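Take a look at the structure set out below.
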Amino acid sequence: MNELVTLSRDGDIAVITIQNPPVNALSPGVPEGIRSSVASAAADPAVKAIVVIGGGRTFIAGADIREFGKVVSGEKPRGSLLPLLLEIEDCPKPVVMAIHGTAFGGGLEVAMAGHYRVIAPGAQVGQPEVKLGIIPGAAGTQRLPRLAGVAKALEMCAFGEPVSSPDAVTAGIADRMIEGDLLAGAVAFAREVAGRPTPKSRERDEKLRGADPAIFGSTRQQARKTRRGQTAPLAAIDAVEAATKLPFAEGCAREAELFNQCLYSTQSRALIHAFFAERAVSKIPDIAKETAVFEIRRAAVIGAGTMGGGITMNYANAGIPVIVKETTQEALDRGMATIRKNYANTVKKGKMSQAAMDERMARITPQLTYDGFNQADIIAEAVFENMALKKQVFAEIDKIAKPGCILASNTSYLDIDEIGSVTSRPSLVIGHHYFSPANVMRLLEIVRGKNTGKETLASSLELARRMKKVGVVAGNSRGFIGNRMLTPYLREAQFLVEEGASVEDVNGALYDFGMAMGPLAMGDLAGLDVGWRARQEFKHLEKPGVRQPMVADRLAELGRLGQKTGRGWSKYDENRTPSPDHETAALVEQMAHEAGIERRSVSREEIVDRCIYALVNEGACLLGEGVALRASDIDVVYLNGYAFPSWRGGPMCYADTAGLKNVLARIEEFRARHGEDLWSPAPLLVQLAESGGTFASWDRTREIAAGA
Ligand code: 3H9
C-alpha cells in the first residue's frame, strides 16, 4: 500500500485499487504497492478473496514507458516484474483481476497472474510492446499461449493489435464479462470463487499441446511482410515458440533475453520516440489548454475531387453533417460515386456495417450551389492548387459564411496569409492540409498563418482529434513541413538518376531503407502532373544558374504522368505492376548528355544518404526558422504522411541516431561536390553538431511558452 495503490475491504473481499493517473502505468511504487497489498490481504483472516482494479478510466496500460529510457541510458537498473507476478499467482486466496479501459503490456501480464479475470464490455486487452520495438517482458509470451492458445498469443504478441472484451472471453483470456458496475460485479464474482482452488496460468499446458509447429514459420513470414524491417515481431514469435518447447521458468528466461536485446536496440529507441512524439504534437506552447474551441456542428466542402471527396468523408466519419459542392453535375456525380465506392469497399472487407455506411452517406449533401453554406461552422476548400483560383473562392465564401465560420484551405504549398488576405476574417483562416487518400491517411498538417487566431488553431486540433487524425501544426512556409522537405528529397532522387543511377536503383535503395515506396515510384503514384503544376506556380522563384531537375517535367509534358497513364518513370501493366521503362532510361541519358552531366556509377549508400540527408537538412532549416515547433513534430509528419519507416523514428530521429557530426560531415561532402546552393548545411544542424547536441534535445517550445 502507498498513495499509488490502496487497499480496502468490501465485507470479506479485499479490494486493491491502482491510482496512478492518467493510465495507471506500472511506474515505480505501483508494483511495490500491489505486492504489499496482496501480502496484507493474504495475511488477513477476514479476507476470503481479493479483487484488483484500476482507479479512473483504465486498468493498467502497461509498464511506464518513460522508465525504459532511464534503463537504456544506465541511469536505472531494470527491475523485474516477474517475482511480483509469481507472488500474486502463489497467493493462497483467489485473486480476481477486474479489467476496464485497457489492460495492455505489463497490465495484461499482471492480469494473467491473477487466478480469474472479469472484464467490462468496452475494455481491451493486448500486448502492444512490439509497437514500441520491444516484446512482453514479464511472462506475457509464456502465460498468454497457455490461456489463449498459441495462435492467438502469436497474433497478439507479434502484431500488437488489441483484443475486445467479447473476444478476450472467447479466447479464454477473461473468464466473465460484467455488465454494469464492474467493481460490484467483480466483488460478487470473488465471493463466488472464494474457497475454490486458485488456478495458476503458468501451470496450464493443455492449450500448448495442440499447437501446430508450422504456425511459427507462417507467422514469421507474415511479420516479415507486414512489419518489414522490424526486429521485435520476430523476437516475440521466438519467445512464444519458446513457451511451447521449454518449461515456464526457462521460457521466461528466454523471453527476458529477447526482451533485453530489443530494449537496447535503436529500433525500440526510435519507436518509443515516435510514441511520445505523437502525444507531444497537440501541445502548443502559446495555446493554453483552456483556449475556447468553436463548436463544429456543420461543415461544407468545396470540391468533390480526390481530396475534396476524402475530406468530405472525414467530416461524415466524425459525425458532422457536410455539404459538398462542385461546379458541374458530372464532377459531383463522379465525386459521390467515389465516396460511395470507398465506403462500400470498407463494408465488403467487414470493417464497417451497411447501416454505418448508410448513416455516413446520409450526412453528405451533394450540390452545385452555395445553399446552406451560411449555416456551416467550417468551410473547407479543396480546389486546384492555384493561388488566383483559391483567392477567388475565398473571396466568395467570405461573403456567404456566417460570422465565426472557419475557412480552411487544403493547400499543400501556397501562402495561407495571402489566401486569407482577400477575406474580412483573417483570424479565422487556416490551412488544413490532408494527405492522399485523405480519408485514410492519419496526418493533418494544420497551417498557422500570421493572423490565424488561437481559437481557430485550437478548434482545428480538436477537429483533427474528432476525425481520429494526428494534427501537426506548421508555420506558413512554402510546402509547410512535409512538402517543403519533400522538394529537396525528390530533387536528389532525380539528380541521382541524371548522374547514372537507374530508376530501379533509386526506388530500390529507398525501399530497402524502409520507405513504403521509392521517391520516383511515389511520383508515378501521385501523378507527375501534380509536381509539374506545383513547379509552374513557383518557377519565377528559381535562382538562375542553379541546377534544377529536368526529367519529371519532361515526362509530364510528354503526357507520361505515371500509373494513371501506364507510363512515367516506370512502365505499368493493367494491375499497375511496374517494370523498367527503357524509353525513360534513354530520355534521361539524352537529357543528362545535353546538360553536360557526367554519368557514373552511384552506390546505394550514396542514394540513401543524398535523399535522406536532403530531408534532414531541410527539416533542420525549417526547425531553425520556427516552421516546426519541435524536431519530433517533423518526425510525426514523416511517419504519418510519407510512410517513413516507424522503426527509424522519423528523419530527425534517424539523424540523431546516425550522429549529427556524421550527418554534417556527409552534407559537407555533398556541398563540396554539388555546390553551396544545393547543399548549404542548415545553421541549426551546424550549431548542434558542433556543440554535441541532438535534434531531440533542442527545444524551443519552452522559450515560446515563456514569451506567450
Ligand atoms: C510494457 O508494458 C512492457 C511489459 O511487458 C513489462 C516489461 C517489464 N507509460 O495515449 P494517451 C501517457 S510496455 C507512460 O494520450 P489515450 C501518455 O504519454 C507498455 N506513459 O491517452 C500521455 O501523457 P501526456 C505497453 C504513458 O486515452 C497520457 O498517458 N503498453 C503510458 O488516447 C495519455 O495517453 C503500451 O504500449 C505508459 N505505458 O490512450 C500502452 N501510456 O498526457 C501505451 C500512456 O503527458 N499507451 N501514457 O501526453 C497507449 O496505447 C495509450 O496511451 C492508451 C490510452 C490506449 C493506454
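Identifiers in this document derive from the order of the C-alpha cells: chains are assigned A, B, ..., residues are numbered from 1 separately in each chain, and ligands are numbered from 1 in order of occurrence.
Using only C-alpha atoms, the residues found no farther than 9 Å from Pro321 of chain A, other than those of its own chain fewer than 3 positions away, are Arg297, Arg298, Ala299, Ala300, Tyr315, Ala316, Ala318, Arg360, Ala362, Arg363, Ile364 and Thr365 of chain A.
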Exercise for review: Considering only C-alpha atoms, return as a ChimeraX atom specification whatever protein or nucleic-acid residues lie within 8 Å of Ala509 of chain A, sequence-local ones (same chain, fewer than 3 positions apart) excluded.
Suggested key: /A:505-506,512-513,518,604-605,607-608
Please, could you write that set of residues out with N, CA, C and O atoms as a short mmCIF file (atom, residue, chain, number, x, y, z; two decimals), in the first residue's frame?
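The result, written out as result.cif:
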data_model
loop_
_atom_site.label_atom_id
_atom_site.label_comp_id
_atom_site.auth_asym_id
_atom_site.auth_seq_id
_atom_site.Cartn_x
_atom_site.Cartn_y
_atom_site.Cartn_z
N ASP A 505 17.32 1.48 -59.22
CA ASP A 505 18.32 1.61 -58.13
C ASP A 505 17.81 2.59 -57.09
O ASP A 505 17.90 2.35 -55.88
N VAL A 506 17.30 3.72 -57.55
CA VAL A 506 16.87 4.77 -56.61
C VAL A 506 15.67 4.29 -55.81
O VAL A 506 15.65 4.36 -54.58
N ASP A 512 14.47 -0.36 -49.60
CA ASP A 512 15.23 -1.18 -48.66
C ASP A 512 15.56 -0.41 -47.38
O ASP A 512 15.69 -1.00 -46.31
N PHE A 513 15.69 0.89 -47.49
CA PHE A 513 15.89 1.71 -46.29
C PHE A 513 14.66 1.61 -45.37
O PHE A 513 14.75 1.78 -44.17
N GLY A 518 9.77 3.91 -53.25
CA GLY A 518 10.85 4.82 -53.61
C GLY A 518 10.29 6.16 -54.06
O GLY A 518 9.10 6.28 -54.39
N ARG A 604 24.43 2.49 -53.57
CA ARG A 604 23.15 2.54 -52.83
C ARG A 604 23.30 3.44 -51.61
O ARG A 604 22.38 4.14 -51.22
N GLU A 605 24.48 3.41 -51.01
CA GLU A 605 24.72 4.24 -49.82
C GLU A 605 24.56 5.72 -50.19
O GLU A 605 23.95 6.50 -49.46
N ILE A 607 22.81 6.91 -52.64
CA ILE A 607 21.39 7.20 -52.92
C ILE A 607 20.66 7.50 -51.61
O ILE A 607 19.97 8.52 -51.48
N VAL A 608 20.85 6.63 -50.62
CA VAL A 608 20.14 6.82 -49.35
C VAL A 608 20.60 8.11 -48.68
O VAL A 608 19.79 8.95 -48.26
#
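Between atom CA of Ser603 of chain A and atom CA of Ser265 of chain A the interatomic distance comes to 26.7 Å.
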Practice item. Please run DSSP on the backbone and report, as a list in words, all residues within segment 294-353 of chain A that come out as strand (DSSP E). Key: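 Of segment 294-353 of chain A, the ones in strand (DSSP E) are Ala299, Ala300, Val301, Ile302, Val322, Ile323, Val324 and Lys325 of chain A.
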Study note, to complete from the structure: Between A:Arg176, A:Arg533, A:Lys76, A:Arg269, smallest distance to Ser646 of chain A by only C-alpha atoms belongs to A:Arg269
Review point. Distance atom CA of Ala148 of chain A-atom CA of Gly229 of chain A, one decimal place?
Key: 27.9 Å
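Neighbours of Pro94 of chain A closer than or equal to 6 Å, with only C-alpha atoms counted and sequence neighbours fewer than 2 positions away skipped, come out as Ala49, His115 and Thr198 of chain A.
Among the candidates A:Leu182, A:Ile135, A:Ala696, A:Val393, the one nearest to ligand 1 when counting only C-alpha atoms and all ligand atoms is A:Ile135.
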**Study point:** Every residue of segment 213-418 of chain A that DSSP places in alpha helix (DSSP H), as a PyMOL selection string
**Key:** chain A and resi 214-226+232-245+248-263+266-280+306-317+329-348+354-362+387-400+416-418
Neighbouring residues of Leu26 of chain A were defined as those with any atom within 10 Å, considering only C-alpha atoms; residues of the same chain fewer than 5 positions away were excluded. Please report them as a PDB file with N, CA and C atoms, in the first residue's frame.
ATOM      1  N   LEU A   4      -0.127   5.242  -4.383  1.00  0.00           N
ATOM      2  CA  LEU A   4      -0.438   4.795  -5.747  1.00  0.00           C
ATOM      3  C   LEU A   4      -1.335   3.558  -5.772  1.00  0.00           C
ATOM      4  N   ILE A  18      -5.535   0.539  -8.032  1.00  0.00           N
ATOM      5  CA  ILE A  18      -4.335   1.233  -8.525  1.00  0.00           C
ATOM      6  C   ILE A  18      -4.735   2.639  -8.922  1.00  0.00           C
ATOM      7  N   ASN A  20      -2.825   5.538 -10.370  1.00  0.00           N
ATOM      8  CA  ASN A  20      -1.680   6.233 -10.952  1.00  0.00           C
ATOM      9  C   ASN A  20      -2.115   6.868 -12.275  1.00  0.00           C
ATOM     10  N   PRO A  31       4.213  -1.413  -8.566  1.00  0.00           N
ATOM     11  CA  PRO A  31       4.405  -2.840  -8.270  1.00  0.00           C
ATOM     12  C   PRO A  31       4.601  -3.076  -6.766  1.00  0.00           C
ATOM     13  N   GLU A  32       5.356  -2.178  -6.124  1.00  0.00           N
ATOM     14  CA  GLU A  32       5.594  -2.330  -4.680  1.00  0.00           C
ATOM     15  C   GLU A  32       4.272  -2.256  -3.916  1.00  0.00           C
ATOM     16  N   ILE A  34       1.267  -2.961  -5.062  1.00  0.00           N
ATOM     17  CA  ILE A  34       0.454  -4.170  -5.304  1.00  0.00           C
ATOM     18  C   ILE A  34       0.982  -5.312  -4.425  1.00  0.00           C
ATOM     19  N   ILE A  60      -4.521  -1.308 -15.991  1.00  0.00           N
ATOM     20  CA  ILE A  60      -3.114  -0.894 -16.080  1.00  0.00           C
ATOM     21  C   ILE A  60      -2.728  -0.881 -17.560  1.00  0.00           C
ATOM     22  N   ALA A  61      -2.246   0.280 -18.059  1.00  0.00           N
ATOM     23  CA  ALA A  61      -1.926   0.377 -19.502  1.00  0.00           C
ATOM     24  C   ALA A  61      -0.518  -0.125 -19.804  1.00  0.00           C
ATOM     25  N   GLY A  62       0.172  -0.669 -18.809  1.00  0.00           N
ATOM     26  CA  GLY A  62       1.479  -1.260 -19.096  1.00  0.00           C
ATOM     27  C   GLY A  62       2.582  -0.693 -18.222  1.00  0.00           C
ATOM     28  N   ALA A  63       3.802  -1.110 -18.540  1.00  0.00           N
ATOM     29  CA  ALA A  63       4.966  -0.552 -17.853  1.00  0.00           C
ATOM     30  C   ALA A  63       4.996   0.944 -18.126  1.00  0.00           C
ATOM     31  N   ASP A  64       5.688   1.676 -17.279  1.00  0.00           N
ATOM     32  CA  ASP A  64       5.851   3.114 -17.521  1.00  0.00           C
ATOM     33  C   ASP A  64       6.932   3.265 -18.594  1.00  0.00           C
ATOM     34  N   ILE A  65       6.502   3.670 -19.775  1.00  0.00           N
ATOM     35  CA  ILE A  65       7.414   3.665 -20.933  1.00  0.00           C
ATOM     36  C   ILE A  65       8.584   4.630 -20.717  1.00  0.00           C
ATOM     37  N   GLU A  67      10.324   4.958 -18.207  1.00  0.00           N
ATOM     38  CA  GLU A  67      11.391   4.307 -17.442  1.00  0.00           C
ATOM     39  C   GLU A  67      12.390   3.581 -18.342  1.00  0.00           C
ATOM     40  N   LEU A  81       9.366  -7.517 -13.083  1.00  0.00           N
ATOM     41  CA  LEU A  81       8.018  -7.669 -12.528  1.00  0.00           C
ATOM     42  C   LEU A  81       7.738  -9.123 -12.151  1.00  0.00           C
ATOM     43  N   GLY A 106       2.432  -4.792 -19.664  1.00  0.00           N
ATOM     44  CA  GLY A 106       2.589  -5.243 -18.278  1.00  0.00           C
ATOM     45  C   GLY A 106       1.253  -5.315 -17.563  1.00  0.00           C
ATOM     46  N   GLY A 107       0.276  -4.544 -18.003  1.00  0.00           N
ATOM     47  CA  GLY A 107      -1.060  -4.576 -17.398  1.00  0.00           C
ATOM     48  C   GLY A 107      -1.727  -5.919 -17.624  1.00  0.00           C
ATOM     49  N   VAL A 110       0.110  -8.534 -15.540  1.00  0.00           N
ATOM     50  CA  VAL A 110      -0.360  -8.562 -14.149  1.00  0.00           C
ATOM     51  C   VAL A 110      -1.694  -9.317 -14.099  1.00  0.00           C
TER      52      VAL A 110
END
Practice item. Check the smallest atom-to-atom distance from each of A:Val588, A:Val52, A:Cys91, A:Ala256 to ligand 1 using only C-alpha atoms and all ligand atoms, then report the winner. Key: A:Ala256
Exercise for review: Find, counting only C-alpha atoms, the residue in A:Val47, A:Val616, A:Val15, A:Ile302 that gets nearest to Ala331 of chain A.
Suggested key: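 Closest residue, counting only C-alpha atoms: A:Ile302.
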